[in-house]
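Engineer: Provided herewith: protein_38.cif, mmCIF, C-alpha atoms and all ligand atoms.
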```cif
data_data
#
loop_
_atom_site.label_atom_id
_atom_site.label_comp_id
_atom_site.auth_asym_id
_atom_site.auth_seq_id
_atom_site.Cartn_x
_atom_site.Cartn_y
_atom_site.Cartn_z
CA MET A 1 -35.96 28.41 -72.43
CA GLU A 2 -36.12 26.36 -69.24
CA LYS A 3 -34.90 28.00 -66.06
CA VAL A 4 -31.13 28.18 -66.22
CA ILE A 5 -29.29 26.48 -63.36
CA ILE A 6 -26.19 28.43 -62.36
CA LYS A 7 -23.39 26.86 -60.32
CA GLY A 8 -21.24 28.60 -57.74
CA CYS A 9 -21.45 29.87 -54.17
CA SER A 10 -24.10 32.37 -53.13
CA LEU A 11 -22.76 35.89 -53.27
CA PRO A 12 -25.47 38.27 -52.00
CA ASN A 13 -22.87 40.96 -51.19
CA MET A 14 -21.48 41.24 -54.74
CA PRO A 15 -21.54 44.66 -56.42
CA TRP A 16 -24.81 45.24 -58.25
CA GLN A 17 -26.94 47.94 -59.81
CA GLU A 18 -30.25 47.35 -61.59
CA ARG A 19 -30.52 48.03 -65.31
CA PRO A 20 -31.05 51.78 -65.69
CA GLU A 21 -34.49 53.03 -66.66
CA GLY A 22 -34.88 53.05 -70.43
CA CYS A 23 -31.76 50.92 -71.06
CA ASN A 24 -32.35 48.07 -73.51
CA LYS A 25 -28.79 46.73 -73.49
CA VAL A 26 -27.91 43.20 -72.37
CA MET A 27 -25.16 44.60 -70.12
CA TRP A 28 -24.89 48.04 -68.56
CA ARG A 29 -22.10 49.95 -66.84
CA TYR A 30 -21.64 50.84 -63.18
CA THR A 31 -22.68 54.47 -62.75
CA ASP A 32 -19.46 55.36 -60.90
CA ASN A 33 -17.11 53.86 -63.48
CA PRO A 34 -14.20 53.69 -63.51
CA VAL A 35 -14.45 51.67 -60.33
CA ILE A 36 -10.65 51.77 -59.93
CA GLN A 37 -8.78 54.91 -60.94
CA ARG A 38 -5.35 54.82 -62.53
CA ASP A 39 -3.57 56.51 -59.63
CA LEU A 40 -5.06 54.61 -56.69
CA LEU A 41 -1.44 53.82 -55.79
CA PRO A 42 1.05 56.67 -55.57
CA THR A 43 3.35 54.76 -57.91
CA SER A 44 0.79 53.58 -60.46
CA ASN A 45 0.49 54.81 -63.99
CA SER A 46 -2.53 52.59 -64.57
CA ILE A 47 -4.59 49.81 -62.92
CA PHE A 48 -6.57 47.65 -65.32
CA ASN A 49 -7.06 44.08 -66.70
CA SER A 50 -7.36 42.73 -63.16
CA ALA A 51 -8.82 39.74 -61.30
CA VAL A 52 -11.30 39.83 -58.43
CA VAL A 53 -12.73 36.91 -56.37
CA PRO A 54 -14.83 36.39 -53.22
CA PHE A 55 -12.52 36.11 -50.21
CA ALA A 56 -13.27 35.88 -46.46
CA ASP A 57 -16.23 38.21 -45.77
CA GLY A 58 -15.46 40.37 -48.81
CA PHE A 59 -13.28 40.24 -51.88
CA ALA A 60 -9.64 39.94 -52.86
CA GLY A 61 -7.93 40.58 -56.13
CA VAL A 62 -4.73 40.47 -58.10
CA PHE A 63 -4.34 43.72 -59.99
CA ARG A 64 -2.32 44.70 -62.97
CA CYS A 65 -0.57 47.89 -61.87
CA ASP A 66 1.86 49.40 -64.33
CA ASP A 67 4.12 51.81 -62.45
CA THR A 68 5.44 55.15 -63.60
CA ASN A 69 8.54 53.46 -65.00
CA ARG A 70 5.89 51.68 -67.07
CA ARG A 71 6.91 48.31 -65.61
CA MET A 72 4.11 45.76 -65.50
CA ALA A 73 3.59 44.26 -62.03
CA LEU A 74 0.92 42.43 -60.06
CA HIS A 75 -0.41 43.76 -56.76
CA VAL A 76 -2.77 42.25 -54.19
CA GLY A 77 -5.87 44.12 -53.06
CA PHE A 78 -8.76 43.65 -50.65
CA SER A 79 -12.25 45.08 -50.53
CA LYS A 80 -15.38 44.75 -48.39
CA ASP A 81 -17.80 45.62 -51.21
CA GLY A 82 -15.91 44.95 -54.46
CA LEU A 83 -16.04 48.66 -55.24
CA HIS A 84 -13.62 50.35 -52.86
CA TRP A 85 -10.21 48.73 -52.95
CA ASP A 86 -7.19 48.70 -50.71
CA ILE A 87 -4.42 47.77 -53.12
CA LYS A 88 -1.04 47.01 -51.58
CA PRO A 89 1.61 49.47 -52.76
CA GLU A 90 4.36 46.85 -52.98
CA PRO A 91 4.22 44.37 -55.88
CA LEU A 92 3.19 40.78 -55.20
CA THR A 93 6.13 38.35 -54.93
CA PHE A 94 6.04 34.64 -55.61
CA GLU A 95 7.79 31.83 -53.74
CA CYS A 96 9.19 29.35 -56.21
CA ASP A 97 11.34 26.23 -55.82
CA ASN A 98 12.99 26.83 -59.15
CA ALA A 99 15.12 29.98 -59.40
CA GLU A 100 14.88 30.19 -63.16
CA ILE A 101 11.11 30.02 -63.21
CA GLY A 102 10.77 32.24 -60.16
CA GLN A 103 12.88 35.02 -61.64
CA TRP A 104 10.53 37.94 -62.21
CA VAL A 105 10.64 39.59 -65.62
CA TYR A 106 7.15 41.03 -65.99
CA GLY A 107 3.57 39.96 -65.37
CA TYR A 108 0.24 41.23 -66.60
CA ASP A 109 -3.44 40.44 -67.18
CA PRO A 110 -3.94 38.14 -64.14
CA ARG A 111 -6.89 35.80 -63.58
CA VAL A 112 -7.75 34.19 -60.24
CA CYS A 113 -9.71 30.94 -59.94
CA TRP A 114 -10.85 29.00 -56.86
CA ILE A 115 -10.50 25.22 -57.44
CA ASP A 116 -11.13 22.68 -54.67
CA ASP A 117 -9.18 24.20 -51.80
CA ARG A 118 -7.12 27.11 -53.06
CA TYR A 119 -6.95 30.12 -55.34
CA TYR A 120 -4.89 29.73 -58.49
CA VAL A 121 -3.44 32.76 -60.23
CA THR A 122 -2.62 32.65 -63.92
CA TRP A 123 -1.03 35.59 -65.68
CA CYS A 124 0.94 36.58 -68.70
CA ASN A 125 4.44 35.87 -67.43
CA GLY A 126 7.66 37.05 -69.03
CA TYR A 127 9.91 34.08 -69.77
CA HIS A 128 11.73 34.59 -73.07
CA GLY A 129 8.54 36.22 -74.21
CA PRO A 130 5.06 36.09 -72.77
CA THR A 131 3.73 32.76 -71.51
CA ILE A 132 1.25 31.59 -68.87
CA GLY A 133 2.50 31.77 -65.29
CA VAL A 134 0.72 29.69 -62.62
CA ALA A 135 0.72 30.11 -58.83
CA TRP A 136 -1.55 29.35 -55.90
CA THR A 137 -2.45 30.94 -52.60
CA THR A 138 -4.90 30.40 -49.78
CA ASP A 139 -4.48 33.73 -48.00
CA PHE A 140 -3.39 36.28 -50.65
CA LYS A 141 -0.21 36.75 -48.63
CA THR A 142 1.98 33.85 -49.71
CA PHE A 143 1.91 32.87 -53.37
CA HIS A 144 3.54 29.62 -54.53
CA GLN A 145 4.67 29.75 -58.13
CA LEU A 146 4.53 26.57 -60.22
CA GLU A 147 5.97 25.82 -63.64
CA ASN A 148 4.79 27.94 -66.56
CA ALA A 149 1.90 26.13 -68.21
CA PHE A 150 3.03 26.50 -71.81
CA LEU A 151 5.92 27.44 -74.04
CA PRO A 152 6.10 31.06 -75.06
CA TYR A 153 4.32 32.73 -76.70
CA ASN A 154 0.97 32.55 -75.05
CA ARG A 155 -1.48 34.90 -73.33
CA ASN A 156 -4.90 34.88 -71.68
CA GLY A 157 -4.55 31.65 -69.68
CA VAL A 158 -7.93 31.12 -67.99
CA LEU A 159 -8.59 28.14 -65.69
CA PHE A 160 -11.96 26.41 -65.36
CA PRO A 161 -13.29 26.45 -61.76
CA ARG A 162 -13.38 22.65 -61.45
CA LYS A 163 -11.68 19.64 -62.95
CA ILE A 164 -13.24 18.38 -66.17
CA ASN A 165 -13.13 14.64 -66.76
CA GLY A 166 -10.77 14.40 -63.79
CA ARG A 167 -8.22 16.93 -65.00
CA PHE A 168 -7.54 20.65 -64.53
CA ALA A 169 -8.59 22.59 -67.61
CA MET A 170 -7.41 25.87 -69.08
CA LEU A 171 -8.16 28.09 -72.05
CA SER A 172 -5.25 29.98 -73.60
CA ARG A 173 -4.31 31.97 -76.65
CA PRO A 174 -1.04 31.02 -78.37
CA SER A 175 0.42 33.96 -80.24
CA ASP A 176 3.80 35.52 -80.95
CA THR A 177 5.99 38.22 -79.43
CA GLY A 178 3.91 41.19 -80.52
CA HIS A 179 0.45 42.53 -81.08
CA THR A 180 0.06 40.55 -84.23
CA ALA A 181 -3.03 39.96 -86.27
CA PHE A 182 -3.83 36.42 -85.24
CA GLY A 183 -4.99 34.58 -82.16
CA ASP A 184 -7.31 31.62 -81.56
CA ILE A 185 -8.54 30.25 -78.23
CA PHE A 186 -7.34 26.72 -77.35
CA TYR A 187 -8.22 24.32 -74.53
CA SER A 188 -5.71 22.17 -72.57
CA GLU A 189 -5.88 19.70 -69.69
CA SER A 190 -3.51 18.77 -66.87
CA PRO A 191 -3.52 16.02 -64.24
CA ASP A 192 -1.41 18.06 -61.80
CA MET A 193 -1.28 21.78 -62.81
CA GLU A 194 2.22 21.20 -64.17
CA PHE A 195 2.03 19.10 -67.33
CA TRP A 196 -0.46 20.38 -69.88
CA GLY A 197 -1.65 18.51 -72.94
CA ARG A 198 -4.64 17.17 -74.88
CA HIS A 199 -4.77 20.55 -76.61
CA ARG A 200 -7.95 21.28 -78.54
CA HIS A 201 -8.94 24.18 -80.74
CA VAL A 202 -11.93 26.15 -79.41
CA MET A 203 -12.54 29.27 -81.51
CA SER A 204 -10.94 31.35 -84.25
CA PRO A 205 -11.62 35.01 -84.91
CA ALA A 206 -14.87 35.54 -86.81
CA ALA A 207 -15.10 36.45 -90.47
CA PHE A 208 -15.02 40.23 -90.95
CA GLU A 209 -18.34 40.29 -92.76
CA VAL A 210 -20.02 38.24 -89.99
CA SER A 211 -18.82 39.87 -86.75
CA ALA A 212 -16.12 42.47 -87.28
CA TRP A 213 -15.46 43.33 -83.61
CA GLN A 214 -13.86 39.88 -83.19
CA CYS A 215 -12.33 39.41 -86.62
CA MET A 216 -8.63 39.89 -85.86
CA LYS A 217 -7.95 37.97 -82.66
CA ILE A 218 -9.81 36.77 -79.59
CA GLY A 219 -8.91 35.74 -76.04
CA ALA A 220 -10.73 34.31 -73.03
CA GLY A 221 -11.54 36.71 -70.20
CA PRO A 222 -13.01 35.86 -66.78
CA ILE A 223 -13.19 32.34 -65.26
CA PRO A 224 -15.98 30.40 -67.06
CA ILE A 225 -19.34 30.24 -65.26
CA GLU A 226 -20.93 26.79 -65.12
CA THR A 227 -24.63 26.71 -66.09
CA SER A 228 -27.13 24.12 -67.28
CA GLU A 229 -26.71 25.65 -70.78
CA GLY A 230 -22.94 25.11 -70.80
CA TRP A 231 -19.90 27.07 -69.65
CA LEU A 232 -20.64 30.76 -70.10
CA ILE A 233 -17.51 32.64 -71.09
CA PHE A 234 -16.85 36.31 -71.74
CA TYR A 235 -14.05 36.88 -74.22
CA HIS A 236 -12.44 39.85 -75.90
CA GLY A 237 -12.26 40.35 -79.63
CA VAL A 238 -10.19 42.76 -81.68
CA LEU A 239 -11.10 44.78 -84.75
CA ARG A 240 -8.31 46.32 -86.79
CA SER A 241 -9.41 49.78 -87.88
CA CYS A 242 -7.58 52.38 -89.94
CA ASN A 243 -6.74 54.03 -86.61
CA GLY A 244 -5.62 51.00 -84.64
CA TYR A 245 -7.06 48.13 -82.68
CA VAL A 246 -10.48 48.19 -81.00
CA TYR A 247 -11.08 45.70 -78.12
CA SER A 248 -14.67 44.74 -77.27
CA PHE A 249 -16.11 41.74 -75.48
CA GLY A 250 -18.86 39.23 -76.14
CA SER A 251 -20.00 35.86 -74.82
CA ALA A 252 -20.00 32.19 -75.76
CA LEU A 253 -21.33 28.90 -74.40
CA LEU A 254 -19.00 25.89 -74.30
CA HIS A 255 -19.99 22.24 -73.92
CA LEU A 256 -19.77 21.19 -70.24
CA ASP A 257 -17.78 17.97 -70.77
CA GLU A 258 -15.99 18.89 -73.99
CA PRO A 259 -15.41 22.63 -73.59
CA TRP A 260 -13.63 22.89 -76.94
CA ARG A 261 -17.07 22.47 -78.52
CA VAL A 262 -18.67 25.89 -78.94
CA LEU A 263 -22.45 25.68 -78.54
CA ALA A 264 -23.20 29.35 -79.19
CA ARG A 265 -21.22 32.55 -79.70
CA SER A 266 -22.53 36.09 -79.76
CA GLY A 267 -22.45 37.92 -83.09
CA PRO A 268 -22.85 41.37 -81.52
CA TYR A 269 -20.55 42.53 -78.72
CA LEU A 270 -21.83 42.99 -75.18
CA ILE A 271 -19.61 45.97 -74.35
CA SER A 272 -17.46 47.98 -76.74
CA PRO A 273 -15.42 51.12 -76.08
CA GLN A 274 -17.90 53.97 -76.05
CA GLN A 275 -17.41 55.90 -72.81
CA PRO A 276 -14.63 58.50 -72.54
CA TYR A 277 -12.62 56.34 -70.08
CA GLU A 278 -12.77 53.42 -72.55
CA CYS A 279 -11.87 55.54 -75.57
CA MET A 280 -9.15 57.70 -74.01
CA GLY A 281 -6.11 56.56 -72.09
CA ASP A 282 -2.77 54.92 -72.70
CA VAL A 283 -4.26 52.61 -75.32
CA PRO A 284 -7.51 54.09 -76.67
CA ASN A 285 -10.58 51.95 -77.43
CA VAL A 286 -10.00 48.94 -75.18
CA CYS A 287 -12.54 47.01 -73.08
CA PHE A 288 -10.67 43.95 -71.75
CA PRO A 289 -12.49 41.69 -69.22
CA CYS A 290 -10.44 39.54 -66.80
CA ALA A 291 -12.85 38.74 -63.95
CA ALA A 292 -16.50 38.27 -63.07
CA LEU A 293 -18.41 37.87 -59.81
CA HIS A 294 -21.73 36.10 -59.92
CA ASP A 295 -24.52 35.09 -57.58
CA PRO A 296 -26.28 31.87 -58.64
CA ASP A 297 -29.38 32.71 -56.56
CA THR A 298 -30.19 35.97 -58.36
CA GLY A 299 -28.36 35.28 -61.63
CA HIS A 300 -26.52 38.58 -61.27
CA VAL A 301 -23.08 38.92 -62.86
CA ALA A 302 -20.57 41.77 -62.53
CA VAL A 303 -17.71 41.87 -65.02
CA TYR A 304 -14.47 43.75 -64.24
CA TYR A 305 -12.77 44.98 -67.38
CA GLY A 306 -9.74 47.08 -68.19
CA CYS A 307 -10.57 50.37 -69.90
CA ALA A 308 -8.12 51.92 -72.37
CA ASP A 309 -5.26 50.09 -70.60
CA THR A 310 -5.59 52.73 -67.90
CA VAL A 311 -8.45 52.20 -65.42
CA THR A 312 -10.85 49.42 -64.38
CA GLY A 313 -14.56 49.38 -65.22
CA LEU A 314 -17.49 47.30 -64.03
CA ALA A 315 -20.51 46.13 -66.03
CA PHE A 316 -23.61 44.23 -64.90
CA GLY A 317 -26.00 41.74 -66.44
CA HIS A 318 -28.39 38.87 -65.79
CA ILE A 319 -26.83 35.50 -66.63
CA ASP A 320 -30.05 34.07 -68.12
CA GLU A 321 -30.42 37.10 -70.40
CA ILE A 322 -26.78 36.88 -71.49
CA ILE A 323 -27.28 33.19 -72.30
CA GLN A 324 -30.43 33.95 -74.29
CA PHE A 325 -28.59 36.73 -76.15
CA THR A 326 -25.66 34.40 -76.90
CA LYS A 327 -27.96 31.76 -78.35
CA ARG A 328 -30.26 34.17 -80.22
CA THR A 329 -27.40 36.00 -81.94
CA SER A 330 -25.09 33.02 -82.33
CA ILE A 331 -22.75 32.93 -85.28
CA VAL A 332 -21.76 29.30 -84.77
C1 LIG A 401 -3.24 42.95 -75.40
C2 LIG A 401 -2.68 42.82 -74.00
C3 LIG A 401 -3.59 43.54 -73.03
C4 LIG A 401 -3.97 44.92 -73.50
C5 LIG A 401 -4.41 44.90 -74.94
C6 LIG A 401 -4.67 46.28 -75.50
O1 LIG A 401 -2.38 42.35 -76.32
O2 LIG A 401 -1.41 43.40 -73.95
O3 LIG A 401 -2.92 43.67 -71.80
O4 LIG A 401 -5.02 45.42 -72.71
O5 LIG A 401 -3.42 44.29 -75.73
O6 LIG A 401 -3.51 47.07 -75.46
#
```
Before anything else, please render the file you have as structure tokens.
Ligand code: BMA
Structural biologist:
Amino acid sequence: MEKVIIKGCSLPNMPWQERPEGCNKVMWRYTDNPVIQRDLLPTSNSIFNSAVVPFADGFAGVFRCDDTNRRMALHVGFSKDGLHWDIKPEPLTFECDNAEIGQWVYGYDPRVCWIDDRYYVTWCNGYHGPTIGVAWTTDFKTFHQLENAFLPYNRNGVLFPRKINGRFAMLSRPSDTGHTAFGDIFYSESPDMEFWGRHRHVMSPAAFEVSAWQCMKIGAGPIPIETSEGWLIFYHGVLRSCNGYVYSFGSALLHLDEPWRVLARSGPYLISPQQPYECMGDVPNVCFPCAALHDPDTGHVAVYYGCADTVTGLAFGHIDEIIQFTKRTSIV
């Protein structure tokens, strides 16, 4: 394979640990996982499925913090090193011109994406069922909420970090009100972040006999990473076992100009629930990625993922190795 070109801003200060001695895995876990404990806030039951981005001379994030009423809220946090976080105890509030849209019901599983001149937040927003909320900020203090991107029911809205063919682009996962046994990833475009259309099908769950970890439903995770081999995405997949759902994550490469075209898709998972903090918690056996930091100069990537719907974990890898793995094991 030719040298992979990776887009993005240099990020020499991102969290990183080398692959442990003797480890032959494509991705490996941070030794001090969970990187964010469930009770970092006095009022939090759990902090997981959260979004982290470079900000100022460090990092900022939008965190899913369920409180001890078990209400799902979003909180802002800041960190110098991406490992130790100062998460604000009060939930994030949005400014919105439209009272109906701005009325808070619940929010979870945020993603944050820098495009052009601002950070966009997308999240699973309660509006007669879950749909994709959209807001922007420049300072992580004031958040301006826009129209919901789609009709309910939809989850896992993930923006691309630049316009594609002149339009904003987003992956999402239409579904229904519950944790039902279906879910495909779709692609949509917008000229203005308000009106979304040109919907295209991207991926369905895999056949059980081909790749069982992703055979029930799938959903996009972190913001796609642009490379010379295509958009690298991490996505979660669900297996339905006799004892409940198991959430793992793998990788895929999407065509740069027509991202609904899947170039390669990993048959094996990259990370599946195996550590105690991934297997035990409010929802056992869940690894759910929502953010990644990467440094194009070194090819390092750090993926933040929710563990057992309770805490946040971190896993590392080399982008070129993940791309090779995706192509070598592809089920497309
Ligand atoms: C999904 C979402 C995620 C959660 C996962 C496992 O449907 O609700 O927030 O992590 O289920 O419970």
Engineer: Would you mind telling me which residue in A:Gln275, A:Asp282, A:Ala315, A:Tyr127 lies nearest to Arg70 of chain A when using all atoms listed in the file?
Structural biologist: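 Answer, going by the shortest atom-to-atom distance: A:Asp282.
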Engineer: Using all atoms listed in the file, which residue out of A:Ala291, A:Met72, A:Leu256, A:Val26 lies closest to ligand LIG 401 (chain A)?
Structural biologist: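 Selected residue with least distance to ligand LIG 401 (chain A): A:Met72.
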Engineer: Which residues, protein or nucleic acid, reach to within 6 Å of (-0.7, 32.0, -58.5) in the file's coordinates when using all atoms listed in the file, and can you give that as a list in words?
Structural biologist: Tyr120, Val121, Thr122, Val134, Ala135, Trp136, Phe143 and Gln145 of chain A
Engineer: Atom CA of Gly133 of chain A to atom CA of Leu83 of chain A: how many Å, to one decimal?
Structural biologist: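 Atom CA of Leu83 of chain A lies 27.0 Å from atom CA of Gly133 of chain A.
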Engineer: Near Gly126 of chain A, within 10 Å and counting all atoms listed in the file, which residues show up once chain neighbours fewer than 3 positions away are dropped, as a VMD selection string?
Structural biologist: chain A and resid 101 103 to 108 123 129 to 133 148 152 to 153
Engineer: Could the residues in this selection be saved with C-alpha atoms as a short mmCIF file (atom, residue, chain, number, x, y, z; two decimals), keeping the file's coordinate frame?
Structural biologist:
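Below you can see selection03.cif, which holds the result:
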```cif
data_model
loop_
_atom_site.label_atom_id
_atom_site.label_comp_id
_atom_site.auth_asym_id
_atom_site.auth_seq_id
_atom_site.Cartn_x
_atom_site.Cartn_y
_atom_site.Cartn_z
CA ILE A 101 11.11 30.02 -63.21
CA GLN A 103 12.88 35.02 -61.64
CA TRP A 104 10.53 37.94 -62.21
CA VAL A 105 10.64 39.59 -65.62
CA TYR A 106 7.15 41.03 -65.99
CA GLY A 107 3.57 39.96 -65.37
CA TYR A 108 0.24 41.23 -66.60
CA TRP A 123 -1.03 35.59 -65.68
CA GLY A 129 8.54 36.22 -74.21
CA PRO A 130 5.06 36.09 -72.77
CA THR A 131 3.73 32.76 -71.51
CA ILE A 132 1.25 31.59 -68.87
CA GLY A 133 2.50 31.77 -65.29
CA ASN A 148 4.79 27.94 -66.56
CA PRO A 152 6.10 31.06 -75.06
CA TYR A 153 4.32 32.73 -76.70
#
```
Engineer: Measuring between all atoms listed in the file, which one of A:Ser10, A:Ile115, A:Phe316, A:Gly178 shows the shortest distance to Thr31 of chain A?
Structural biologist: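 Residue with the minimum atom-to-atom distance to Thr31 of chain A: A:Phe316.
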Engineer: Counting all atoms listed in the file, which protein, DNA or RNA residues come within 10 Å of ligand LIG 401 (chain A), given as a PyMOL selection string?
Structural biologist: chain A and resi 48-50+64+72+107-110+124+130+155-156+175+177-180+217-219+236+238+245-247+282-290+305-310
Engineer: Just give me the gap between atom CA of Met27 of chain A and atom CA of Asn13 of chain A in Å, one decimal is fine.
Structural biologist: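 Interatomic distance, atom CA of Met27 of chain A to atom CA of Asn13 of chain A: 19.4 Å.
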Engineer: Can you give me all heavy atoms for segment 157-165 of chain A, written as a PDB file, keeping the file's coordinate frame?
Structural biologist:
```
ATOM      1  N   GLY A 157      -4.339  32.966 -70.285  1.00  0.00           N
ATOM      2  CA  GLY A 157      -4.550  31.650 -69.680  1.00  0.00           C
ATOM      3  C   GLY A 157      -5.669  31.759 -68.639  1.00  0.00           C
ATOM      4  O   GLY A 157      -5.557  32.509 -67.675  1.00  0.00           O
ATOM      5  N   VAL A 158      -6.735  31.007 -68.843  1.00  0.00           N
ATOM      6  CA  VAL A 158      -7.930  31.120 -67.990  1.00  0.00           C
ATOM      7  C   VAL A 158      -8.345  29.720 -67.533  1.00  0.00           C
ATOM      8  O   VAL A 158      -8.753  28.890 -68.360  1.00  0.00           O
ATOM      9  CB  VAL A 158      -9.084  31.803 -68.754  1.00  0.00           C
ATOM     10  CG1 VAL A 158     -10.332  31.852 -67.894  1.00  0.00           C
ATOM     11  CG2 VAL A 158      -8.680  33.198 -69.206  1.00  0.00           C
ATOM     12  N   LEU A 159      -8.235  29.452 -66.234  1.00  0.00           N
ATOM     13  CA  LEU A 159      -8.590  28.140 -65.690  1.00  0.00           C
ATOM     14  C   LEU A 159     -10.104  27.976 -65.581  1.00  0.00           C
ATOM     15  O   LEU A 159     -10.827  28.952 -65.339  1.00  0.00           O
ATOM     16  CB  LEU A 159      -7.984  27.965 -64.307  1.00  0.00           C
ATOM     17  CG  LEU A 159      -6.464  27.762 -64.275  1.00  0.00           C
ATOM     18  CD1 LEU A 159      -5.933  28.009 -62.865  1.00  0.00           C
ATOM     19  CD2 LEU A 159      -6.111  26.352 -64.751  1.00  0.00           C
ATOM     20  N   PHE A 160     -10.569  26.738 -65.695  1.00  0.00           N
ATOM     21  CA  PHE A 160     -11.960  26.410 -65.360  1.00  0.00           C
ATOM     22  C   PHE A 160     -12.040  26.180 -63.845  1.00  0.00           C
ATOM     23  O   PHE A 160     -11.072  25.687 -63.239  1.00  0.00           O
ATOM     24  CB  PHE A 160     -12.401  25.142 -66.104  1.00  0.00           C
ATOM     25  CG  PHE A 160     -12.685  25.389 -67.568  1.00  0.00           C
ATOM     26  CD1 PHE A 160     -11.644  25.550 -68.468  1.00  0.00           C
ATOM     27  CD2 PHE A 160     -13.988  25.475 -68.041  1.00  0.00           C
ATOM     28  CE1 PHE A 160     -11.891  25.785 -69.822  1.00  0.00           C
ATOM     29  CE2 PHE A 160     -14.255  25.712 -69.383  1.00  0.00           C
ATOM     30  CZ  PHE A 160     -13.206  25.866 -70.268  1.00  0.00           C
ATOM     31  N   PRO A 161     -13.196  26.469 -63.230  1.00  0.00           N
ATOM     32  CA  PRO A 161     -13.290  26.450 -61.760  1.00  0.00           C
ATOM     33  C   PRO A 161     -13.433  25.054 -61.156  1.00  0.00           C
ATOM     34  O   PRO A 161     -13.569  24.929 -59.947  1.00  0.00           O
ATOM     35  CB  PRO A 161     -14.538  27.283 -61.481  1.00  0.00           C
ATOM     36  CG  PRO A 161     -15.373  27.146 -62.707  1.00  0.00           C
ATOM     37  CD  PRO A 161     -14.401  27.024 -63.857  1.00  0.00           C
ATOM     38  N   ARG A 162     -13.414  24.016 -61.983  1.00  0.00           N
ATOM     39  CA  ARG A 162     -13.380  22.650 -61.450  1.00  0.00           C
ATOM     40  C   ARG A 162     -12.680  21.774 -62.484  1.00  0.00           C
ATOM     41  O   ARG A 162     -12.544  22.159 -63.662  1.00  0.00           O
ATOM     42  CB  ARG A 162     -14.784  22.126 -61.156  1.00  0.00           C
ATOM     43  CG  ARG A 162     -15.671  21.942 -62.374  1.00  0.00           C
ATOM     44  CD  ARG A 162     -16.881  21.071 -62.042  1.00  0.00           C
ATOM     45  NE  ARG A 162     -17.858  21.044 -63.116  1.00  0.00           N
ATOM     46  CZ  ARG A 162     -17.819  20.233 -64.175  1.00  0.00           C
ATOM     47  NH1 ARG A 162     -16.804  19.422 -64.348  1.00  0.00           N
ATOM     48  NH2 ARG A 162     -18.779  20.263 -65.088  1.00  0.00           N
ATOM     49  N   LYS A 163     -12.278  20.590 -62.014  1.00  0.00           N
ATOM     50  CA  LYS A 163     -11.680  19.640 -62.950  1.00  0.00           C
ATOM     51  C   LYS A 163     -12.744  19.181 -63.939  1.00  0.00           C
ATOM     52  O   LYS A 163     -13.935  19.094 -63.591  1.00  0.00           O
ATOM     53  CB  LYS A 163     -11.109  18.448 -62.195  1.00  0.00           C
ATOM     54  CG  LYS A 163      -9.858  18.811 -61.414  1.00  0.00           C
ATOM     55  CD  LYS A 163      -9.335  17.627 -60.639  1.00  0.00           C
ATOM     56  CE  LYS A 163      -8.040  17.994 -59.940  1.00  0.00           C
ATOM     57  NZ  LYS A 163      -7.652  17.026 -58.928  1.00  0.00           N
ATOM     58  N   ILE A 164     -12.326  18.889 -65.148  1.00  0.00           N
ATOM     59  CA  ILE A 164     -13.240  18.380 -66.170  1.00  0.00           C
ATOM     60  C   ILE A 164     -12.705  17.014 -66.583  1.00  0.00           C
ATOM     61  O   ILE A 164     -11.520  16.885 -66.930  1.00  0.00           O
ATOM     62  CB  ILE A 164     -13.319  19.359 -67.362  1.00  0.00           C
ATOM     63  CG1 ILE A 164     -13.911  20.681 -66.876  1.00  0.00           C
ATOM     64  CG2 ILE A 164     -14.148  18.761 -68.510  1.00  0.00           C
ATOM     65  CD1 ILE A 164     -13.952  21.782 -67.893  1.00  0.00           C
ATOM     66  N   ASN A 165     -13.553  16.018 -66.491  1.00  0.00           N
ATOM     67  CA  ASN A 165     -13.130  14.640 -66.760  1.00  0.00           C
ATOM     68  C   ASN A 165     -11.883  14.294 -65.947  1.00  0.00           C
ATOM     69  O   ASN A 165     -10.952  13.653 -66.438  1.00  0.00           O
ATOM     70  CB  ASN A 165     -12.874  14.450 -68.259  1.00  0.00           C
ATOM     71  CG  ASN A 165     -14.103  14.840 -69.086  1.00  0.00           C
ATOM     72  OD1 ASN A 165     -15.226  14.510 -68.712  1.00  0.00           O
ATOM     73  ND2 ASN A 165     -13.901  15.554 -70.171  1.00  0.00           N
TER      74      ASN A 165
END
```
